[in-house]
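Next comes model_15.txt, a file with compact mmCIF, C-alpha atoms.
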# COMPACT_ATOMS: atom_id res chain seq x y z
CA MET A 1 0.00 0.00 0.00
CA ALA A 2 2.72 2.43 1.03
CA GLU A 3 4.73 1.63 -2.09
CA GLU A 4 1.78 2.36 -4.29
CA ASN A 5 1.02 5.66 -2.61
CA ALA A 6 4.51 7.06 -3.04
CA PRO A 7 4.55 7.10 -6.88
CA MET A 8 1.02 8.46 -6.91
CA GLN A 9 2.12 11.52 -4.96
CA GLN A 10 5.09 11.98 -7.25
CA SER A 11 2.92 11.95 -10.31
CA HIS A 12 0.59 14.48 -8.72
CA GLY A 13 3.48 16.87 -8.27
CA PRO A 14 4.25 17.59 -11.96
CA SER A 15 0.59 17.44 -12.95
CA SER A 16 -0.35 20.17 -10.48
CA GLY A 17 2.57 22.23 -11.79
CA GLY A 18 1.30 22.07 -15.39
CA MET A 19 -2.25 21.70 -16.65
CA ARG A 20 -4.35 19.11 -14.93
CA SER A 21 -5.60 17.44 -18.10
CA SER A 22 -2.30 17.26 -19.97
CA GLY A 23 -0.32 16.40 -16.83
CA PRO A 24 -0.81 12.65 -16.74
CA GLY A 25 -0.38 12.34 -20.50
CA GLY A 26 2.83 14.36 -20.92
CA PRO A 27 5.17 14.37 -17.93
CA GLY A 28 3.27 11.61 -16.22
CA GLY A 29 4.00 9.23 -19.10
CA PRO A 30 7.79 8.88 -18.76
CA GLY A 31 7.66 9.43 -15.02
CA GLY A 32 5.09 6.74 -14.51
CA GLY A 33 6.97 4.25 -16.62
CA ARG A 34 6.42 1.78 -13.83
CA PRO A 35 4.01 -1.04 -14.52
CA GLY A 36 1.54 0.37 -11.99
CA GLY A 37 0.81 3.59 -13.89
CA PRO A 38 -0.26 2.49 -17.38
CA ALA A 39 -2.09 -0.57 -16.11
CA LYS A 40 -4.36 1.60 -13.99
CA ARG A 41 -5.26 3.76 -16.97
CA GLY A 42 -5.81 0.67 -19.08
CA LYS A 43 -4.99 2.65 -22.21
CA ARG A 44 -1.36 2.68 -23.19
CA SER A 45 0.20 -0.70 -22.93
CA PHE A 46 -1.90 -3.74 -22.36
CA VAL A 47 -0.33 -7.10 -22.65
CA ARG A 48 -2.18 -9.30 -25.09
CA LYS A 49 -2.43 -12.82 -23.80
CA LYS A 50 -1.12 -15.35 -26.26
CA LYS A 51 -3.92 -17.61 -27.34
CA VAL A 52 -3.05 -21.26 -27.64
CA CYS A 53 -4.69 -23.76 -29.91
CA ARG A 54 -6.89 -25.87 -27.69
CA PHE A 55 -6.53 -28.91 -29.90
CA CYS A 56 -2.75 -28.70 -29.81
CA VAL A 57 -2.90 -28.61 -26.02
CA ASP A 58 -5.02 -31.74 -26.04
CA LYS A 59 -2.77 -33.23 -28.75
CA ALA A 60 -5.79 -33.96 -30.92
CA ASP A 61 -5.09 -35.99 -34.04
CA PHE A 62 -8.71 -36.08 -35.08
CA ILE A 63 -11.65 -33.81 -34.46
CA ASP A 64 -14.85 -35.77 -34.14
CA TYR A 65 -17.83 -34.17 -35.84
CA LYS A 66 -20.18 -36.19 -33.64
CA LYS A 67 -19.15 -34.41 -30.46
CA ALA A 68 -21.12 -31.23 -30.84
CA GLU A 69 -20.19 -30.02 -27.35
CA ILE A 70 -16.53 -29.87 -28.38
CA LEU A 71 -17.31 -27.92 -31.53
CA ALA A 72 -19.81 -25.57 -29.89
CA PRO A 73 -17.25 -23.07 -28.49
CA PHE A 74 -15.94 -22.46 -32.02
CA ILE A 75 -19.18 -21.25 -33.54
CA GLN A 76 -21.28 -18.19 -32.95
CA GLU A 77 -24.73 -18.35 -31.48
CA ARG A 78 -26.20 -18.22 -34.95
CA GLY A 79 -23.90 -20.90 -36.26
CA LYS A 80 -21.10 -18.99 -37.94
CA ILE A 81 -17.66 -20.56 -37.62
CA LEU A 82 -15.38 -18.32 -35.59
CA PRO A 83 -12.14 -17.23 -37.28
CA ARG A 84 -8.75 -18.32 -36.07
CA ARG A 85 -7.88 -14.87 -34.80
CA MET A 86 -10.76 -15.12 -32.32
CA THR A 87 -10.19 -18.62 -31.02
CA GLY A 88 -6.43 -18.98 -31.40
CA THR A 89 -6.73 -22.33 -33.14
CA CYS A 90 -3.72 -23.29 -35.24
CA SER A 91 -4.17 -23.47 -38.99
CA ARG A 92 -4.06 -27.22 -39.21
CA HIS A 93 -6.64 -27.75 -36.51
CA GLN A 94 -8.82 -24.97 -37.87
CA ARG A 95 -8.92 -26.83 -41.17
CA TRP A 96 -10.03 -30.01 -39.47
CA LEU A 97 -12.40 -28.07 -37.30
CA THR A 98 -14.27 -26.45 -40.18
CA VAL A 99 -14.77 -29.83 -41.81
CA ALA A 100 -16.08 -31.27 -38.56
CA ILE A 101 -18.41 -28.33 -37.99
CA LYS A 102 -19.81 -28.55 -41.50
CA ARG A 103 -20.49 -32.24 -41.08
CA ALA A 104 -22.20 -31.63 -37.76
CA GLN A 105 -24.33 -28.96 -39.38
CA ASN A 106 -25.45 -31.39 -42.04
CA ILE A 107 -26.82 -33.82 -39.51
CA ALA A 108 -28.50 -31.14 -37.40
CA LEU A 109 -26.07 -31.35 -34.49
CA LEU A 110 -25.08 -27.71 -35.01
CA PRO A 111 -27.08 -24.86 -36.52
CA PHE A 112 -26.46 -23.29 -39.92
CA ALA A 113 -25.57 -19.63 -40.10
CA ALA A 114 -28.63 -18.55 -42.05
CA GLU A 115 -31.07 -20.49 -39.94
CA LEU A 116 -34.16 -18.67 -38.58
CA MET B 1 -9.64 -52.33 -53.19
CA GLU B 2 -8.82 -51.49 -49.70
CA GLU B 3 -11.41 -51.51 -47.01
CA ARG B 4 -13.26 -48.34 -46.33
CA GLN B 5 -15.00 -47.21 -43.22
CA TYR B 6 -18.14 -45.13 -43.19
CA ASP B 7 -20.13 -43.44 -40.52
CA LEU B 8 -23.85 -43.52 -41.13
CA ILE B 9 -26.19 -41.41 -39.05
CA PHE B 10 -29.89 -41.18 -39.65
CA ILE B 11 -32.65 -39.37 -37.84
CA CYS B 12 -36.16 -40.76 -37.48
CA ARG B 13 -39.30 -38.90 -36.54
CA PRO B 14 -39.45 -38.58 -32.77
CA ASP B 15 -42.87 -40.24 -32.59
CA THR B 16 -41.81 -43.44 -34.36
CA PRO B 17 -42.14 -46.50 -32.14
CA GLU B 18 -38.96 -48.35 -31.28
CA ALA B 19 -40.07 -51.30 -33.38
CA ASP B 20 -40.09 -49.20 -36.55
CA VAL B 21 -36.60 -47.90 -35.86
CA ASP B 22 -35.43 -51.47 -35.39
CA LYS B 23 -37.09 -52.37 -38.66
CA VAL B 24 -35.14 -49.68 -40.50
CA ILE B 25 -31.91 -50.86 -38.90
CA ALA B 26 -32.72 -54.46 -39.85
CA THR B 27 -33.33 -53.57 -43.50
CA LEU B 28 -30.07 -51.63 -43.62
CA GLU B 29 -28.22 -54.56 -42.09
CA SER B 30 -29.66 -57.03 -44.55
CA THR B 31 -28.86 -54.79 -47.52
CA ALA B 32 -25.36 -54.25 -46.27
CA THR B 33 -24.60 -57.92 -45.73
CA GLU B 34 -26.16 -58.71 -49.09
CA LYS B 35 -23.71 -56.38 -50.78
CA GLY B 36 -20.76 -57.69 -48.83
CA ALA B 37 -20.44 -54.90 -46.28
CA LYS B 38 -20.03 -55.37 -42.59
CA ILE B 39 -21.83 -53.35 -39.97
CA GLU B 40 -19.37 -52.83 -37.17
CA SER B 41 -21.62 -51.25 -34.63
CA VAL B 42 -25.05 -49.74 -34.18
CA ALA B 43 -25.72 -47.17 -31.51
CA LYS B 44 -29.07 -45.61 -30.77
CA TRP B 45 -28.49 -42.12 -29.49
CA GLY B 46 -32.20 -41.82 -28.83
CA ARG B 47 -34.33 -38.70 -28.91
CA LYS B 48 -32.29 -35.56 -29.24
CA ARG B 49 -33.03 -31.97 -30.01
CA MET B 50 -31.93 -30.98 -33.50
CA ALA B 51 -30.07 -27.74 -34.05
CA TYR B 52 -32.65 -26.60 -36.58
CA ARG B 53 -36.09 -27.57 -37.79
CA VAL B 54 -36.33 -30.49 -40.18
CA GLN B 55 -39.72 -31.15 -41.75
CA LYS B 56 -41.23 -28.91 -39.07
CA LEU B 57 -39.84 -31.12 -36.33
CA HIS B 58 -37.55 -29.98 -33.54
CA GLU B 59 -36.59 -33.36 -32.20
CA GLY B 60 -35.42 -36.58 -33.77
CA TYR B 61 -34.45 -40.10 -32.94
CA PHE B 62 -30.76 -40.46 -33.82
CA VAL B 63 -29.18 -43.74 -34.85
CA TYR B 64 -25.46 -44.07 -35.51
CA MET B 65 -23.74 -46.98 -37.23
CA VAL B 66 -20.27 -47.80 -38.50
CA ILE B 67 -19.96 -49.69 -41.75
CA LYS B 68 -16.91 -51.35 -43.24
CA THR B 69 -16.84 -52.33 -46.86
CA THR B 70 -14.65 -52.71 -49.88
CA HIS B 71 -17.36 -51.66 -52.30
CA GLY B 72 -18.40 -48.04 -52.30
CA GLU B 73 -21.67 -48.79 -54.06
CA VAL B 74 -23.12 -50.17 -50.84
CA VAL B 75 -23.42 -46.64 -49.56
CA LYS B 76 -25.45 -45.64 -52.55
CA GLU B 77 -27.87 -48.46 -51.95
CA LEU B 78 -28.12 -47.75 -48.22
CA GLU B 79 -28.82 -44.09 -48.88
CA ARG B 80 -31.52 -45.03 -51.36
CA ARG B 81 -33.13 -47.21 -48.71
CA LEU B 82 -32.99 -44.40 -46.20
CA LYS B 83 -34.54 -42.02 -48.68
CA VAL B 84 -37.57 -44.19 -49.22
CA ALA B 85 -37.95 -45.23 -45.57
CA ASP B 86 -40.92 -43.33 -44.15
CA PRO B 87 -39.77 -42.60 -40.58
CA VAL B 88 -36.36 -41.30 -41.66
CA ILE B 89 -36.20 -37.53 -41.96
CA LYS B 90 -32.45 -37.01 -42.37
CA TYR B 91 -29.32 -39.05 -42.93
CA LEU B 92 -25.61 -38.55 -43.43
CA THR B 93 -22.83 -40.84 -44.57
CA VAL B 94 -19.22 -39.86 -43.98
CA ARG B 95 -16.19 -41.71 -45.20
CA LEU B 96 -13.75 -41.83 -42.36
CA ASP B 97 -11.03 -44.37 -43.12
CA GLU B 98 -8.63 -41.81 -44.56
CA GLU B 99 -8.93 -39.55 -41.58
CA LEU B 100 -8.51 -42.45 -39.20
CA LYS B 101 -5.42 -43.49 -41.11
CA ARG B 102 -4.04 -40.00 -40.75
CA GLN B 103 -4.83 -40.10 -37.05
CA GLU B 104 -2.96 -43.37 -36.69
CA LYS B 105 0.01 -41.95 -38.51
CA LEU B 106 0.17 -38.86 -36.35
CA LYS B 107 -0.21 -40.94 -33.24
CA ARG B 108 2.66 -43.20 -34.23
CA HIS B 109 4.76 -40.17 -35.07
CA ARG B 110 4.04 -38.65 -31.66
CA GLU B 111 4.83 -41.84 -29.84
CA ARG B 112 8.12 -42.15 -31.64
CA ARG B 113 9.01 -38.60 -30.72
CA ALA B 114 7.94 -39.16 -27.13
CA ALA B 115 10.12 -42.23 -26.94
CA ARG B 116 13.12 -40.23 -28.10
CA ARG B 117 12.54 -37.17 -25.93
CA PRO B 118 12.89 -38.45 -22.33
CA ARG B 119 16.68 -38.63 -22.55
CA LYS B 120 16.94 -34.88 -23.08
CA VAL B 121 14.35 -34.13 -20.41
CA ALA B 122 16.01 -36.42 -17.91
CA ALA B 123 19.40 -34.80 -18.50
CA ALA B 124 18.15 -31.23 -18.03
CA PRO B 125 16.66 -31.42 -14.50
CA ALA B 126 19.63 -33.42 -13.19
CA THR B 127 21.94 -30.38 -13.24
CA PRO B 128 19.70 -27.87 -11.40
CA VAL B 129 18.89 -30.37 -8.68
CA ALA B 130 22.54 -30.80 -7.72
CA PRO B 131 23.37 -27.13 -6.82
CA ILE B 132 20.18 -26.80 -4.78
CA ALA B 133 21.01 -29.77 -2.63
CA PRO B 134 24.32 -28.52 -1.05
CA PRO B 135 22.89 -25.26 0.43
CA SER B 136 20.14 -27.20 2.15
CA GLU B 137 22.78 -29.43 3.67
CA GLN B 138 24.73 -26.39 4.82
CA SER B 139 21.68 -24.77 6.34
CA ALA B 140 20.76 -27.92 8.17
CA PRO B 141 23.92 -28.05 10.34
CA THR B 142 23.76 -24.33 11.20
CA ALA B 143 20.15 -24.62 12.30
Is it possible to express this structure as C-alpha cells?
Amino acid sequence: MAEENAPMQQSHGPSSGGMRSSGPGGPGGPGGGRPGGPAKRGKRSFVRKKKVCRFCVDKADFIDYKKAEILAPFIQERGKILPRRMTGTCSRHQRWLTVAIKRAQNIALLPFAAEL
Amino acid sequence: MEERQYDLIFICRPDTPEADVDKVIATLESTATEKGAKIESVAKWGRKRMAYRVQKLHEGYFVYMVIKTTHGEVVKELERRLKVADPVIKYLTVRLDEELKRQEKLKRHRERRAARRPRKVAAAPATPVAPIAPPSEQSAPTA
C-alpha cells in the first residue's frame, strides 16, 4: 500500500505544476513508466495474452464431428464458424475443425448460419 | 480395393415407435450384408433436439452406425433405402477411413518422438537439482 502511494504523490506533483488534463499524459508518461501507472489507466500498454490452440494442447489428431459439445465453443450463437484470430486455433486444426463443424451442421447437431 | 469405413447417421421422426426404428436398422443390415459390407456397430443415441427444424420437427431419434466395406456402391444403396424409408427424416454418410489413417500416422509419429525425448528431459533437470542440494545441507547443520 505504502509503495503504491509514493509514486502516486510523485505523479501528482508535476501534474499540479502544469495543466491538470495534460499532466498525466505528458510528464506523467515517462515518469510513470512503472508497470503500476499504465495498467491503472488501461490505455497505453496492455499485454495481449497469447492464445493457444486448444486442440494442440489436447494433442488432438482427429476432431470428431459427432461431439457437438466440443465444436460448440468455435461457432457463434447463430452458427457462424469463428475465425482463427478469435479462437487462437492453429491453422491445421482450424482446417479439421471447419470440416467437422460442417459435417455436424449437415446432420443437425449444429445450426447453420442462415437459420431462422 | 482397400477396405473403407463409413459413418452412417440417420434421424427418425421422434414419434416413431422403437419397433419401426429397429425395422429400418434391420433392413439396412440385410442390404449391407447382401452387398458384402459389414456393420461394425449400431448405436441408438435416442431422442435428441436438432439444431434446426427439419420437416417442421424440432426433435429426432438419432441412430449411428459404423460400416466397413470394400465396395463403395453399398453406400449408394443404403442411402436409397434411407430415402424411401418413411420414418427417416435425415441421414448422413461420412467416409472416415482416410482420416482415421491419418490419425494413426500422427499418433505413431508422436509416440516415436515421445520415446526419443525423455533422454533430453532427464538430462536437463539433473543439473539444477545438484546445486540446490548442497545449500540445504549447509543450512541444516547451522540450524
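Across the structure, atom CA of A:Val57 and atom CA of B:Glu99 are spaced 20.0 Å apart.
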Could you list the residues in chain B lying within 6 Å of chain A, using all atoms listed in the file, and format the result as a list in words? Met50, Ala51, Tyr52 and Gln103 of chain B
Using only C-alpha atoms, pick whichever of A:Ile75, A:Cys56, A:Ala113, A:Val47 has the shortest atom-to-atom distance to A:Ala100.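 Selected residue with least distance to A:Ala100: A:Ile75.
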Set the distance at 9 Å and use all atoms listed in the file: which residues neighbour stretch 64-78 of chain B once local chain neighbours fewer than 2 positions away are removed? I'd like the list as a PDB file with C-alpha atoms, keeping the file's coordinate frame.
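Now in out.pdb:
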ATOM      1  CA  MET B   1      -9.640 -52.330 -53.190  1.00  0.00           C
ATOM      2  CA  GLU B   2      -8.820 -51.490 -49.700  1.00  0.00           C
ATOM      3  CA  GLU B   3     -11.410 -51.510 -47.010  1.00  0.00           C
ATOM      4  CA  ARG B   4     -13.260 -48.340 -46.330  1.00  0.00           C
ATOM      5  CA  GLN B   5     -15.000 -47.210 -43.220  1.00  0.00           C
ATOM      6  CA  TYR B   6     -18.140 -45.130 -43.190  1.00  0.00           C
ATOM      7  CA  ASP B   7     -20.130 -43.440 -40.520  1.00  0.00           C
ATOM      8  CA  LEU B   8     -23.850 -43.520 -41.130  1.00  0.00           C
ATOM      9  CA  ILE B   9     -26.190 -41.410 -39.050  1.00  0.00           C
ATOM     10  CA  PHE B  10     -29.890 -41.180 -39.650  1.00  0.00           C
ATOM     11  CA  ILE B  11     -32.650 -39.370 -37.840  1.00  0.00           C
ATOM     12  CA  LEU B  28     -30.070 -51.630 -43.620  1.00  0.00           C
ATOM     13  CA  THR B  31     -28.860 -54.790 -47.520  1.00  0.00           C
ATOM     14  CA  ALA B  32     -25.360 -54.250 -46.270  1.00  0.00           C
ATOM     15  CA  LYS B  35     -23.710 -56.380 -50.780  1.00  0.00           C
ATOM     16  CA  GLY B  36     -20.760 -57.690 -48.830  1.00  0.00           C
ATOM     17  CA  ALA B  37     -20.440 -54.900 -46.280  1.00  0.00           C
ATOM     18  CA  LYS B  38     -20.030 -55.370 -42.590  1.00  0.00           C
ATOM     19  CA  ILE B  39     -21.830 -53.350 -39.970  1.00  0.00           C
ATOM     20  CA  GLU B  40     -19.370 -52.830 -37.170  1.00  0.00           C
ATOM     21  CA  SER B  41     -21.620 -51.250 -34.630  1.00  0.00           C
ATOM     22  CA  VAL B  42     -25.050 -49.740 -34.180  1.00  0.00           C
ATOM     23  CA  ALA B  43     -25.720 -47.170 -31.510  1.00  0.00           C
ATOM     24  CA  LYS B  44     -29.070 -45.610 -30.770  1.00  0.00           C
ATOM     25  CA  TRP B  45     -28.490 -42.120 -29.490  1.00  0.00           C
ATOM     26  CA  PHE B  62     -30.760 -40.460 -33.820  1.00  0.00           C
ATOM     27  CA  ARG B  80     -31.520 -45.030 -51.360  1.00  0.00           C
ATOM     28  CA  ARG B  81     -33.130 -47.210 -48.710  1.00  0.00           C
ATOM     29  CA  LEU B  82     -32.990 -44.400 -46.200  1.00  0.00           C
ATOM     30  CA  LYS B  83     -34.540 -42.020 -48.680  1.00  0.00           C
ATOM     31  CA  THR B  93     -22.830 -40.840 -44.570  1.00  0.00           C
TER      32      THR B  93
END
What is the atom CA of B:Tyr61 to atom CA of B:Glu98 distance in Å?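 Atom CA of B:Glu98 lies at a distance of 28.4 Å from atom CA of B:Tyr61.
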Would you mind reading off the distance between atom CA of A:Ile70 and atom CA of A:Arg54, one decimal, in Å? 10.5 Å
Extract, using all atoms listed in the file, all DNA, RNA and protein residues at most 10 Å from B:Cys12, discarding same-chain residues fewer than 6 positions from it, and format them as a PyMOL selection string. chain B and resi 20-21+24+46-47+59-63+82+85-91
Nearby residues (only C-alpha atoms) at most 9 Å from stretch 82-90 of chain A, same-chain spacing under 6 positions excluded, as number ranges by chain: A: 50-56, 73-76
A:Arg48, A:Lys102, A:Arg92, A:Lys80: which is nearest A:Ala68, counting all atoms listed in the file?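 Smallest distance to A:Ala68 is found for A:Lys102.
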